[in-house]
There are 2 protein chains.
Amino acid sequence: MAVHGPAMTDVARLAGVSHQTVSRVLNGHPNVREQTRLRVRAAIAELGYRPNGAARALVTGRSQVIGVVAQNTTLYGPASLLAALEQTAAAEGFAVSVGSVRNLDHRSISAAVERHLSHRVAGIVVIAPVESAGEALERLPKDVPLVTVDGDPSRPVPLVTVDQVAGARAATQHLLDAGHRTVWHVSGPSDWFDSVGRIDGWRQALLAAGTDPPPLMPGDWSAASGYRCGQMLARMPEVTAVFTANDHLALGVLRALHEFGRRVPDDISVVGFDDVPEAAYFIPPLTTVRPDFDAVARASLHLLLTQIESGTGGALRQTIAPTLVARDSVAPPRR
Amino acid sequence: MAVHGPAMTDVARLAGVSHQTVSRVLNGHPNVREQTRLRVRAAIAELGYRPNGAARALVTGRSQVIGVVAQNTTLYGPASLLAALEQTAAAEGFAVSVGSVRNLDHRSISAAVERHLSHRVAGIVVIAPVESAGEALERLPKDVPLVTVDGDPSRPVPLVTVDQVAGARAATQHLLDAGHRTVWHVSGPSDWFDSVGRIDGWRQALLAAGTDPPPLMPGDWSAASGYRCGQMLARMPEVTAVFTANDHLALGVLRALHEFGRRVPDDISVVGFDDVPEAAYFIPPLTTVRPDFDAVARASLHLLLTQIESGTGGALRQTIAPTLVARDSVAPPRR
DNA sequence: GCCGTCACTGTTAGCGTTAACAACATTGGT
DNA sequence: ACCAATGTTGTTAACGCTAACAGTGACGGC
């Protein structure tokens with residue numbers, strides 16, 4: 001084999017047909033005699049022929065690649081999403097090209113999208129959990145299939161989200177149901193839609209129960225900030241229940257409470273969000289809310305493929321409901 | 001603009017030059033008059049022209065994309081590596097296409113590599129931590145630049161690894177230095193090179209200290225298996241020091257010890273591996289070993305680019321030394 | 001003043017594939 | 001036996017780019 005491997009014409013010559021017939025076999029075109037099809041298949045196998053994606057992309061105008069723009073693929077959520085996206089895409093014959101980005105401002109996002117565009121990706125999935133990302137998305141060429149995950153609900157862009165509000169409501173309600181009079185909340189950064197949704201859900205549940213929400217404790221997703229908030233919570237004797245915006249915040253809170261001698265769940269109950277694989281092994285095992293990342297990935301890809309196949313697909317959106325996972329970090333308040 | 005955007009000829013027409021001159025400007029060719037260059041740049045900007053990567057890939061025979069084959073991109077290690085790889089590649093003008101894979105057997109790996117190959121990636125990085133992966137790699141076409149990360153040290157393939165042995169030795173030595181007579185080890189799965197290396201390092205440190213290694217407790221990286229091993233360790237009064245093959249195992253061990261009323265570090269000291277961001281907020285904060293994923297990514301990409309530019313680069317290899325991060329989970333044994 | 005050299009630019013020919021069309025063989029209805 | 005419809009195959013022309021080569025002036029040495 002030459003440096004660049006055999007081309008379609010080589011296969012054609014060996015099979016005694018034209019290159020176009022080979023192309024037809026490859027693309028599952030119907031009007032090919034069974035016998036010819038087999039001859040071509042044999043020739044392909046014999047030569048170890050592999051279609052040239054670049055040539056195909058050139059002539060069709062799009063490659064079998066979808067681009068994903070994400071921020072911090074080290075966090076559990078984005079990483080899971082990316083992995084699920086890749087698995088789903090592979091099943092559909094698509095490769096996934098990642099364009100991660102340090103900051104989610106327009107400039108960075110636009111740059112990442114540009115990079116994908118110049119590779120002529122078939123479509124783009126933007127995991128755009130923060131406000132500043134939305135603006136960048138509206139200036140994009142309208143002819144590129146696009147799906148946003150965890151993006152701005154108020155923008156007219158196809159969107160798939162976890163139902164943050166419902167998840168947070170369930171978490172808060174779970175604590176209220178256990179008998180707690182109120183629930184404190186350690187939130188994520190305020191420019192993330194995830195945070196905002198979870199804060200909303202928490203508020204809604206409290207208001208529906210006729211309770212005034214206590215002051216919000218703002219965190220930044222990290223265990224470090226959870227720890228800082230936990231140190232304050234531990235000092236306040238009236239605190240009996242805390243809902244944190246993710247499991248890492250919860251870990252930090254647990255650590256702080258432990259240091260102050262406040263037992264969980266005997267003195268204070270804690271609920272997290274995300275259900276990271278380790279949550280079941282925190283001290284104590286953490287009750288948390290599990291978003292279904294696989295479902296999100298499937299929905300996103302489905303929305304994207306619909307657009308790719310049909311030209312454009314309008315501003316659809318889909319919401320995935322998370323589920324509460326009850327473990328040992330919640331108990332009734334002592335009286 | 002048409003559906004597919006302006007092409008090079010459109011830019012050329014607007015700038016009053018030939019498309020070849022545009023190409024020269026784009027590729028930084030020297031012999032272009034400054035004034036012409038500026039005219040072309042202006043035309044590019046005015047039209048919002050974006051070079052077509054597919055066409056370029058077709059004619060040059062390779063795209064500006066590198067393929068990454070990895071298994072479980074949800075785990076902290078692989079995810080960090082992937083992110084770092086992507087950042088580094090982007091800086092060099094390369095996109096990264098991920099081909100994650102459920103199992104690391106030859107079949108899956110070969111399939112993933114094939115997919116990358118048919119997209120004519122410029123090179124491939126395989127994160128191949130298990131034994132079965134090695135064989136698949138030897139059958140690959142020799143003309144594709146390839147780098148293995150955490151692969152088989154005994155195979156003649158360019159390889160970048162974290163120095164698992166040194167890291168494990170440091171962790172074990174740290175415990176011995178604290179005064180412990182011996183150190184128990186909860187390992188990862190036995191077909192991972194990472195595991196094998198860490199077991200080796202642990203053994204070496206103990207033997208060098210004149211101690212017979214106690215029986216190995218095999219785990220599978222998960223907190224769940226760490227918990228199971230921890231339950232056994234907690235029952236053995238003579239155990240005073242444990243080194244786990246990663247931080248999640250350590251979390252499970254901590255949880256089990258806590259349940260059995262064995263205090264860390266007062267009764268038992270624990271050291272992990274990986275330094276996940278949460279390790280500092282475990283109960284107690286975990287002493288662990290931090291591999292430098294950024295350095296691994298940089299080294300891998302450097303090796304790969306060298307091969308890409310120079311044709312082939314032989315069987316180079318590079319090892320990255322990890323560092324010990326001391327926290328509160330280690331103390332001298334009580335007497 | 002002629003010719004070689006150099007800097008700059010244009011022309012042409014592919015890269016490997018798919019799409020559009022043309023050509024031929026086969027079938028079935030009359 | 002003829003014609004239209006249908007099934008199967010081949011031929012040709014793009015797609016947008018780079019590489020190789022071919023000009024065109026300008027400049028300097030003889």
# chains A, B, ... in the order shown; residues from 1 in each chain; ligands from 1
>>> interface_residues(of="chain A", to="chain C", cutoff="12 Å", atoms="only C-alpha atoms (C1' of nucleotides)", output="number ranges by chain")
A: 4-10, 19-24, 26-27, 50-61
>>> residues_around(residues="Val271 in chain B", least_positions_apart="2", cutoff="8 Å", atoms="only C-alpha atoms (C1' of nucleotides)", output="ChimeraX atom specification")
/B:171,175,242-244,250,269,273,286-289,329-330
>>> write_last_selection(atoms="C-alpha atoms", output="PDB file, in the first residue's frame")
ATOM      1  CA  ALA B 171       3.721   7.134  49.046  1.00  0.00           C
ATOM      2  CA  LEU B 175       4.231   6.073  55.566  1.00  0.00           C
ATOM      3  CA  VAL B 242      -2.684   1.777  54.005  1.00  0.00           C
ATOM      4  CA  PHE B 243      -1.689   2.976  50.560  1.00  0.00           C
ATOM      5  CA  THR B 244      -4.523   2.881  48.027  1.00  0.00           C
ATOM      6  CA  ALA B 250      -9.124   5.754  49.615  1.00  0.00           C
ATOM      7  CA  SER B 269      -2.854   6.285  58.199  1.00  0.00           C
ATOM      8  CA  PHE B 273      -3.080   8.487  44.398  1.00  0.00           C
ATOM      9  CA  LEU B 286      -6.113  12.939  52.133  1.00  0.00           C
ATOM     10  CA  THR B 287      -2.378  12.688  51.647  1.00  0.00           C
ATOM     11  CA  THR B 288      -1.939  11.578  48.065  1.00  0.00           C
ATOM     12  CA  VAL B 289       0.297  11.497  45.003  1.00  0.00           C
ATOM     13  CA  SER B 329      -4.359  11.418  56.750  1.00  0.00           C
ATOM     14  CA  VAL B 330      -0.902  10.310  57.857  1.00  0.00           C
TER      15      VAL B 330
END
>>> select_by_dssp(residues="range 21-269 of chain A", states="strand (DSSP E)", output="ChimeraX atom specification")
/A:65-70,95-100,123-127,146-149,159-162,184-187,217-218,241-244,269
>>> write_last_selection(atoms="C-alpha atoms", output="PDB file, in the first residue's frame")
ATOM      1  CA  VAL A  65     -18.235  14.758  12.598  1.00  0.00           C
ATOM      2  CA  ILE A  66     -20.101  16.672  15.215  1.00  0.00           C
ATOM      3  CA  GLY A  67     -18.362  19.343  17.213  1.00  0.00           C
ATOM      4  CA  VAL A  68     -18.833  19.749  20.923  1.00  0.00           C
ATOM      5  CA  VAL A  69     -18.012  22.956  22.710  1.00  0.00           C
ATOM      6  CA  ALA A  70     -17.624  22.593  26.447  1.00  0.00           C
ATOM      7  CA  ALA A  95     -17.180  11.135  15.309  1.00  0.00           C
ATOM      8  CA  VAL A  96     -17.011  13.766  18.003  1.00  0.00           C
ATOM      9  CA  SER A  97     -14.549  16.592  17.983  1.00  0.00           C
ATOM     10  CA  VAL A  98     -14.134  18.436  21.269  1.00  0.00           C
ATOM     11  CA  GLY A  99     -13.384  22.105  21.487  1.00  0.00           C
ATOM     12  CA  SER A 100     -13.012  22.841  25.118  1.00  0.00           C
ATOM     13  CA  GLY A 123     -23.489  19.996  13.597  1.00  0.00           C
ATOM     14  CA  ILE A 124     -22.492  21.515  16.892  1.00  0.00           C
ATOM     15  CA  VAL A 125     -23.438  20.813  20.482  1.00  0.00           C
ATOM     16  CA  VAL A 126     -22.682  23.645  22.852  1.00  0.00           C
ATOM     17  CA  ILE A 127     -22.653  22.925  26.537  1.00  0.00           C
ATOM     18  CA  LEU A 146     -26.919  23.562  16.612  1.00  0.00           C
ATOM     19  CA  VAL A 147     -28.066  22.240  19.951  1.00  0.00           C
ATOM     20  CA  THR A 148     -27.487  23.834  23.315  1.00  0.00           C
ATOM     21  CA  VAL A 149     -27.230  21.834  26.504  1.00  0.00           C
ATOM     22  CA  LEU A 159     -32.112  23.329  23.910  1.00  0.00           C
ATOM     23  CA  VAL A 160     -31.829  20.241  26.052  1.00  0.00           C
ATOM     24  CA  THR A 161     -31.695  20.644  29.786  1.00  0.00           C
ATOM     25  CA  VAL A 162     -31.901  18.732  32.960  1.00  0.00           C
ATOM     26  CA  TRP A 184     -30.635  26.165  53.735  1.00  0.00           C
ATOM     27  CA  HIS A 185     -29.041  26.220  50.298  1.00  0.00           C
ATOM     28  CA  VAL A 186     -25.429  26.339  49.197  1.00  0.00           C
ATOM     29  CA  SER A 187     -25.605  27.361  45.559  1.00  0.00           C
ATOM     30  CA  MET A 217     -25.014  30.795  50.674  1.00  0.00           C
ATOM     31  CA  PRO A 218     -23.253  31.261  47.362  1.00  0.00           C
ATOM     32  CA  ALA A 241     -31.132  20.867  56.839  1.00  0.00           C
ATOM     33  CA  VAL A 242     -28.919  21.887  53.924  1.00  0.00           C
ATOM     34  CA  PHE A 243     -29.355  21.383  50.202  1.00  0.00           C
ATOM     35  CA  THR A 244     -26.177  21.902  48.187  1.00  0.00           C
ATOM     36  CA  SER A 269     -29.326  16.654  57.162  1.00  0.00           C
TER      37      SER A 269
END
>>> residues_around(residues="range 80-84 of chain B", least_positions_apart="6", cutoff="8 Å", atoms="only C-alpha atoms (C1' of nucleotides)", output="list in words")
Asn72, Thr73, Thr74 and Ser100 of chain A; Val68, Thr73, Phe293, Asp294, Val296, Ala297 and Arg298 of chain B
>>> residues_around(residues="range 7-9 of chain D", least_positions_apart="6", cutoff="7 Å", atoms="only C-alpha atoms (C1' of nucleotides)", output="list in words")
Asn31, Val32 and Arg33 of chain A
>>> write_last_selection(atoms="C-alpha atoms", output="compact mmCIF listing (two decimals), in the first residue's frame")
# COMPACT_ATOMS: atom_id res chain seq x y z
CA ASN A 31 -29.86 -0.46 -7.58
CA VAL A 32 -26.83 -2.68 -7.49
CA ARG A 33 -26.95 -6.34 -8.47
>>> closest_atom_pairs(of="chain D", to="chain A", cutoff="12 Å", atoms="only C-alpha atoms (C1' of nucleotides)", output="CSV")
residue,atom,partner,partner_atom,distance
D:DT6,C1',A:Asn31,CA,10.5
D:DG7,C1',A:Asn31,CA,6.6
D:DT8,C1',A:Val32,CA,6.3
D:DT9,C1',A:Thr21,CA,7.3
D:DG10,C1',A:Ser18,CA,6.5
D:DT11,C1',A:Ser18,CA,9.4
D:DT12,C1',A:Gln20,CA,11.4
D:DA13,C1',A:Val59,CA,11.8
D:DA14,C1',A:Val59,CA,8.2
D:DC15,C1',A:Val59,CA,4.5
D:DG16,C1',A:Leu58,CA,7.4
D:DC17,C1',A:Leu58,CA,9.8
>>> atom_distance(atom1="CA of Glu92 in chain B", atom2="CA of His119 in chain B")
19.2 Å
>>> select_by_dssp(residues="range 36-164 of chain B", states="alpha helix (DSSP H)", output="PyMOL selection string")
chain B and resi 36-47+53-60+76-91+106-118+131-138+164
>>> write_last_selection(atoms="C-alpha atoms", output="tab-separated table (two decimals), in the first residue's frame")
chain	number	residue	atom	x	y	z
B	36	THR	CA	-0.99	42.19	-1.76
B	37	ARG	CA	-1.03	40.37	1.52
B	38	LEU	CA	-2.99	43.18	3.11
B	39	ARG	CA	-5.49	43.31	0.25
B	40	VAL	CA	-6.07	39.58	0.59
B	41	ARG	CA	-6.43	39.81	4.36
B	42	ALA	CA	-8.99	42.56	3.93
B	43	ALA	CA	-10.98	40.51	1.43
B	44	ILE	CA	-10.91	37.51	3.77
B	45	ALA	CA	-12.24	39.61	6.60
B	46	GLU	CA	-14.88	41.28	4.47
B	47	LEU	CA	-16.29	38.02	3.18
B	53	GLY	CA	-10.45	21.91	6.03
B	54	ALA	CA	-11.83	19.02	4.04
B	55	ALA	CA	-10.43	20.31	0.79
B	56	ARG	CA	-7.11	20.98	2.39
B	57	ALA	CA	-7.07	17.54	3.97
B	58	LEU	CA	-7.91	15.96	0.65
B	59	VAL	CA	-5.03	17.53	-1.18
B	60	THR	CA	-2.42	17.36	1.55
B	76	TYR	CA	-10.76	11.73	36.77
B	77	GLY	CA	-7.44	10.67	35.26
B	78	PRO	CA	-8.53	10.12	31.67
B	79	ALA	CA	-10.81	13.15	31.75
B	80	SER	CA	-8.00	15.41	32.91
B	81	LEU	CA	-5.69	13.98	30.33
B	82	LEU	CA	-8.19	14.47	27.56
B	83	ALA	CA	-8.85	18.05	28.57
B	84	ALA	CA	-5.15	18.83	28.77
B	85	LEU	CA	-4.56	17.18	25.42
B	86	GLU	CA	-7.27	19.24	23.85
B	87	GLN	CA	-5.90	22.49	25.23
B	88	THR	CA	-2.41	21.72	24.06
B	89	ALA	CA	-3.56	20.61	20.64
B	90	ALA	CA	-5.69	23.70	20.16
B	91	ALA	CA	-2.65	25.86	20.84
B	106	HIS	CA	-8.14	-5.34	20.45
B	107	ARG	CA	-11.42	-5.36	18.63
B	108	SER	CA	-12.72	-2.16	20.19
B	109	ILE	CA	-9.42	-0.37	19.96
B	110	SER	CA	-8.88	-1.36	16.36
B	111	ALA	CA	-12.37	-0.19	15.50
B	112	ALA	CA	-11.79	3.17	17.14
B	113	VAL	CA	-8.48	3.57	15.39
B	114	GLU	CA	-10.06	2.63	12.07
B	115	ARG	CA	-12.65	5.32	12.52
B	116	HIS	CA	-9.94	7.88	13.11
B	117	LEU	CA	-7.97	6.62	10.18
B	118	SER	CA	-10.83	7.00	7.75
B	131	GLU	CA	-2.51	-5.25	28.65
B	132	SER	CA	-4.94	-6.37	25.96
B	133	ALA	CA	-4.61	-3.02	24.22
B	134	GLY	CA	-0.98	-3.51	23.31
B	135	GLU	CA	-1.54	-6.23	20.79
B	136	ALA	CA	-4.03	-4.20	18.82
B	137	LEU	CA	-1.47	-1.45	18.53
B	138	GLU	CA	1.17	-3.57	16.89
B	164	GLN	CA	3.79	4.95	38.75
>>> decode(residues="range 25-68 of chain A", atoms="N, CA and C atoms", output="PDB file, in the first residue's frame")
ATOM      1  N   VAL A  25     -22.220   0.928  -3.635  1.00  0.00           N
ATOM      2  CA  VAL A  25     -22.206  -0.143  -2.646  1.00  0.00           C
ATOM      3  C   VAL A  25     -21.959   0.443  -1.261  1.00  0.00           C
ATOM      4  N   LEU A  26     -20.979   1.315  -1.197  1.00  0.00           N
ATOM      5  CA  LEU A  26     -20.614   1.909   0.087  1.00  0.00           C
ATOM      6  C   LEU A  26     -21.765   2.675   0.724  1.00  0.00           C
ATOM      7  N   ASN A  27     -22.551   3.338  -0.104  1.00  0.00           N
ATOM      8  CA  ASN A  27     -23.605   4.168   0.450  1.00  0.00           C
ATOM      9  C   ASN A  27     -24.948   3.466   0.489  1.00  0.00           C
ATOM     10  N   GLY A  28     -24.928   2.160   0.261  1.00  0.00           N
ATOM     11  CA  GLY A  28     -26.155   1.386   0.368  1.00  0.00           C
ATOM     12  C   GLY A  28     -27.205   1.756  -0.660  1.00  0.00           C
ATOM     13  N   HIS A  29     -26.734   2.178  -1.811  1.00  0.00           N
ATOM     14  CA  HIS A  29     -27.661   2.506  -2.881  1.00  0.00           C
ATOM     15  C   HIS A  29     -28.379   1.238  -3.331  1.00  0.00           C
ATOM     16  N   PRO A  30     -29.688   1.323  -3.623  1.00  0.00           N
ATOM     17  CA  PRO A  30     -30.442   0.098  -3.886  1.00  0.00           C
ATOM     18  C   PRO A  30     -30.103  -0.597  -5.208  1.00  0.00           C
ATOM     19  N   ASN A  31     -29.966   0.167  -6.273  1.00  0.00           N
ATOM     20  CA  ASN A  31     -29.864  -0.461  -7.582  1.00  0.00           C
ATOM     21  C   ASN A  31     -28.484  -1.006  -7.927  1.00  0.00           C
ATOM     22  N   VAL A  32     -28.080  -2.001  -7.169  1.00  0.00           N
ATOM     23  CA  VAL A  32     -26.831  -2.683  -7.486  1.00  0.00           C
ATOM     24  C   VAL A  32     -27.114  -4.177  -7.423  1.00  0.00           C
ATOM     25  N   ARG A  33     -26.681  -4.902  -8.452  1.00  0.00           N
ATOM     26  CA  ARG A  33     -26.951  -6.338  -8.466  1.00  0.00           C
ATOM     27  C   ARG A  33     -26.238  -6.995  -7.289  1.00  0.00           C
ATOM     28  N   GLU A  34     -26.890  -7.978  -6.698  1.00  0.00           N
ATOM     29  CA  GLU A  34     -26.354  -8.644  -5.526  1.00  0.00           C
ATOM     30  C   GLU A  34     -24.949  -9.176  -5.788  1.00  0.00           C
ATOM     31  N   GLN A  35     -24.784  -9.766  -6.948  1.00  0.00           N
ATOM     32  CA  GLN A  35     -23.506 -10.383  -7.309  1.00  0.00           C
ATOM     33  C   GLN A  35     -22.397  -9.321  -7.393  1.00  0.00           C
ATOM     34  N   THR A  36     -22.738  -8.198  -7.989  1.00  0.00           N
ATOM     35  CA  THR A  36     -21.779  -7.093  -8.079  1.00  0.00           C
ATOM     36  C   THR A  36     -21.404  -6.593  -6.702  1.00  0.00           C
ATOM     37  N   ARG A  37     -22.435  -6.437  -5.894  1.00  0.00           N
ATOM     38  CA  ARG A  37     -22.223  -5.952  -4.536  1.00  0.00           C
ATOM     39  C   ARG A  37     -21.203  -6.830  -3.813  1.00  0.00           C
ATOM     40  N   LEU A  38     -21.358  -8.130  -3.957  1.00  0.00           N
ATOM     41  CA  LEU A  38     -20.450  -9.053  -3.281  1.00  0.00           C
ATOM     42  C   LEU A  38     -19.032  -8.917  -3.826  1.00  0.00           C
ATOM     43  N   ARG A  39     -18.911  -8.816  -5.160  1.00  0.00           N
ATOM     44  CA  ARG A  39     -17.577  -8.662  -5.752  1.00  0.00           C
ATOM     45  C   ARG A  39     -16.885  -7.425  -5.188  1.00  0.00           C
ATOM     46  N   VAL A  40     -17.667  -6.344  -5.104  1.00  0.00           N
ATOM     47  CA  VAL A  40     -17.105  -5.087  -4.598  1.00  0.00           C
ATOM     48  C   VAL A  40     -16.694  -5.235  -3.136  1.00  0.00           C
ATOM     49  N   ARG A  41     -17.568  -5.841  -2.365  1.00  0.00           N
ATOM     50  CA  ARG A  41     -17.263  -6.052  -0.941  1.00  0.00           C
ATOM     51  C   ARG A  41     -15.962  -6.833  -0.789  1.00  0.00           C
ATOM     52  N   ALA A  42     -15.814  -7.861  -1.621  1.00  0.00           N
ATOM     53  CA  ALA A  42     -14.613  -8.701  -1.551  1.00  0.00           C
ATOM     54  C   ALA A  42     -13.372  -7.876  -1.858  1.00  0.00           C
ATOM     55  N   ALA A  43     -13.486  -7.054  -2.898  1.00  0.00           N
ATOM     56  CA  ALA A  43     -12.342  -6.227  -3.293  1.00  0.00           C
ATOM     57  C   ALA A  43     -11.980  -5.251  -2.184  1.00  0.00           C
ATOM     58  N   ILE A  44     -13.000  -4.685  -1.554  1.00  0.00           N
ATOM     59  CA  ILE A  44     -12.763  -3.755  -0.445  1.00  0.00           C
ATOM     60  C   ILE A  44     -11.990  -4.450   0.662  1.00  0.00           C
ATOM     61  N   ALA A  45     -12.456  -5.656   0.989  1.00  0.00           N
ATOM     62  CA  ALA A  45     -11.813  -6.406   2.059  1.00  0.00           C
ATOM     63  C   ALA A  45     -10.375  -6.759   1.681  1.00  0.00           C
ATOM     64  N   GLU A  46     -10.209  -7.197   0.451  1.00  0.00           N
ATOM     65  CA  GLU A  46      -8.878  -7.643   0.026  1.00  0.00           C
ATOM     66  C   GLU A  46      -7.861  -6.514   0.084  1.00  0.00           C
ATOM     67  N   LEU A  47      -8.285  -5.338  -0.337  1.00  0.00           N
ATOM     68  CA  LEU A  47      -7.343  -4.219  -0.375  1.00  0.00           C
ATOM     69  C   LEU A  47      -7.241  -3.502   0.979  1.00  0.00           C
ATOM     70  N   GLY A  48      -8.150  -3.801   1.873  1.00  0.00           N
ATOM     71  CA  GLY A  48      -8.173  -3.050   3.120  1.00  0.00           C
ATOM     72  C   GLY A  48      -8.523  -1.593   2.864  1.00  0.00           C
ATOM     73  N   TYR A  49      -9.416  -1.422   1.908  1.00  0.00           N
ATOM     74  CA  TYR A  49      -9.798  -0.064   1.518  1.00  0.00           C
ATOM     75  C   TYR A  49     -10.590   0.626   2.622  1.00  0.00           C
ATOM     76  N   ARG A  50     -10.331   1.908   2.795  1.00  0.00           N
ATOM     77  CA  ARG A  50     -11.031   2.728   3.776  1.00  0.00           C
ATOM     78  C   ARG A  50     -11.443   4.012   3.084  1.00  0.00           C
ATOM     79  N   PRO A  51     -12.729   4.334   3.082  1.00  0.00           N
ATOM     80  CA  PRO A  51     -13.160   5.542   2.373  1.00  0.00           C
ATOM     81  C   PRO A  51     -12.463   6.787   2.924  1.00  0.00           C
ATOM     82  N   ASN A  52     -12.228   7.729   2.074  1.00  0.00           N
ATOM     83  CA  ASN A  52     -11.573   8.964   2.483  1.00  0.00           C
ATOM     84  C   ASN A  52     -12.610  10.002   2.890  1.00  0.00           C
ATOM     85  N   GLY A  53     -12.676  10.202   4.203  1.00  0.00           N
ATOM     86  CA  GLY A  53     -13.671  11.121   4.751  1.00  0.00           C
ATOM     87  C   GLY A  53     -13.515  12.536   4.234  1.00  0.00           C
ATOM     88  N   ALA A  54     -12.295  12.943   4.000  1.00  0.00           N
ATOM     89  CA  ALA A  54     -12.059  14.315   3.534  1.00  0.00           C
ATOM     90  C   ALA A  54     -12.677  14.520   2.154  1.00  0.00           C
ATOM     91  N   ALA A  55     -12.456  13.565   1.283  1.00  0.00           N
ATOM     92  CA  ALA A  55     -13.009  13.686  -0.067  1.00  0.00           C
ATOM     93  C   ALA A  55     -14.528  13.703  -0.019  1.00  0.00           C
ATOM     94  N   ARG A  56     -15.059  12.827   0.796  1.00  0.00           N
ATOM     95  CA  ARG A  56     -16.509  12.783   0.931  1.00  0.00           C
ATOM     96  C   ARG A  56     -17.032  14.110   1.475  1.00  0.00           C
ATOM     97  N   ALA A  57     -16.359  14.604   2.516  1.00  0.00           N
ATOM     98  CA  ALA A  57     -16.799  15.855   3.126  1.00  0.00           C
ATOM     99  C   ALA A  57     -16.728  16.992   2.111  1.00  0.00           C
ATOM    100  N   LEU A  58     -15.708  16.945   1.283  1.00  0.00           N
ATOM    101  CA  LEU A  58     -15.537  18.016   0.302  1.00  0.00           C
ATOM    102  C   LEU A  58     -16.723  18.053  -0.660  1.00  0.00           C
ATOM    103  N   VAL A  59     -17.091  16.902  -1.153  1.00  0.00           N
ATOM    104  CA  VAL A  59     -18.131  16.886  -2.176  1.00  0.00           C
ATOM    105  C   VAL A  59     -19.529  17.009  -1.579  1.00  0.00           C
ATOM    106  N   THR A  60     -19.735  16.477  -0.398  1.00  0.00           N
ATOM    107  CA  THR A  60     -21.080  16.569   0.176  1.00  0.00           C
ATOM    108  C   THR A  60     -21.277  17.857   0.956  1.00  0.00           C
ATOM    109  N   GLY A  61     -20.185  18.503   1.310  1.00  0.00           N
ATOM    110  CA  GLY A  61     -20.303  19.757   2.043  1.00  0.00           C
ATOM    111  C   GLY A  61     -20.348  19.576   3.541  1.00  0.00           C
ATOM    112  N   ARG A  62     -20.373  18.328   4.008  1.00  0.00           N
ATOM    113  CA  ARG A  62     -20.287  18.148   5.457  1.00  0.00           C
ATOM    114  C   ARG A  62     -19.709  16.789   5.821  1.00  0.00           C
ATOM    115  N   SER A  63     -19.006  16.813   6.947  1.00  0.00           N
ATOM    116  CA  SER A  63     -18.330  15.605   7.377  1.00  0.00           C
ATOM    117  C   SER A  63     -19.203  14.823   8.348  1.00  0.00           C
ATOM    118  N   GLN A  64     -18.794  13.650   8.667  1.00  0.00           N
ATOM    119  CA  GLN A  64     -19.502  12.834   9.650  1.00  0.00           C
ATOM    120  C   GLN A  64     -18.948  13.107  11.043  1.00  0.00           C
ATOM    121  N   VAL A  65     -18.806  14.375  11.321  1.00  0.00           N
ATOM    122  CA  VAL A  65     -18.235  14.758  12.598  1.00  0.00           C
ATOM    123  C   VAL A  65     -19.162  15.771  13.257  1.00  0.00           C
ATOM    124  N   ILE A  66     -19.409  15.598  14.532  1.00  0.00           N
ATOM    125  CA  ILE A  66     -20.101  16.672  15.215  1.00  0.00           C
ATOM    126  C   ILE A  66     -19.162  17.302  16.229  1.00  0.00           C
ATOM    127  N   GLY A  67     -19.245  18.606  16.320  1.00  0.00           N
ATOM    128  CA  GLY A  67     -18.362  19.343  17.213  1.00  0.00           C
ATOM    129  C   GLY A  67     -19.046  19.594  18.543  1.00  0.00           C
ATOM    130  N   VAL A  68     -18.288  19.452  19.602  1.00  0.00           N
ATOM    131  CA  VAL A  68     -18.833  19.749  20.923  1.00  0.00           C
ATOM    132  C   VAL A  68     -18.012  20.872  21.542  1.00  0.00           C
TER     133      VAL A  68
END
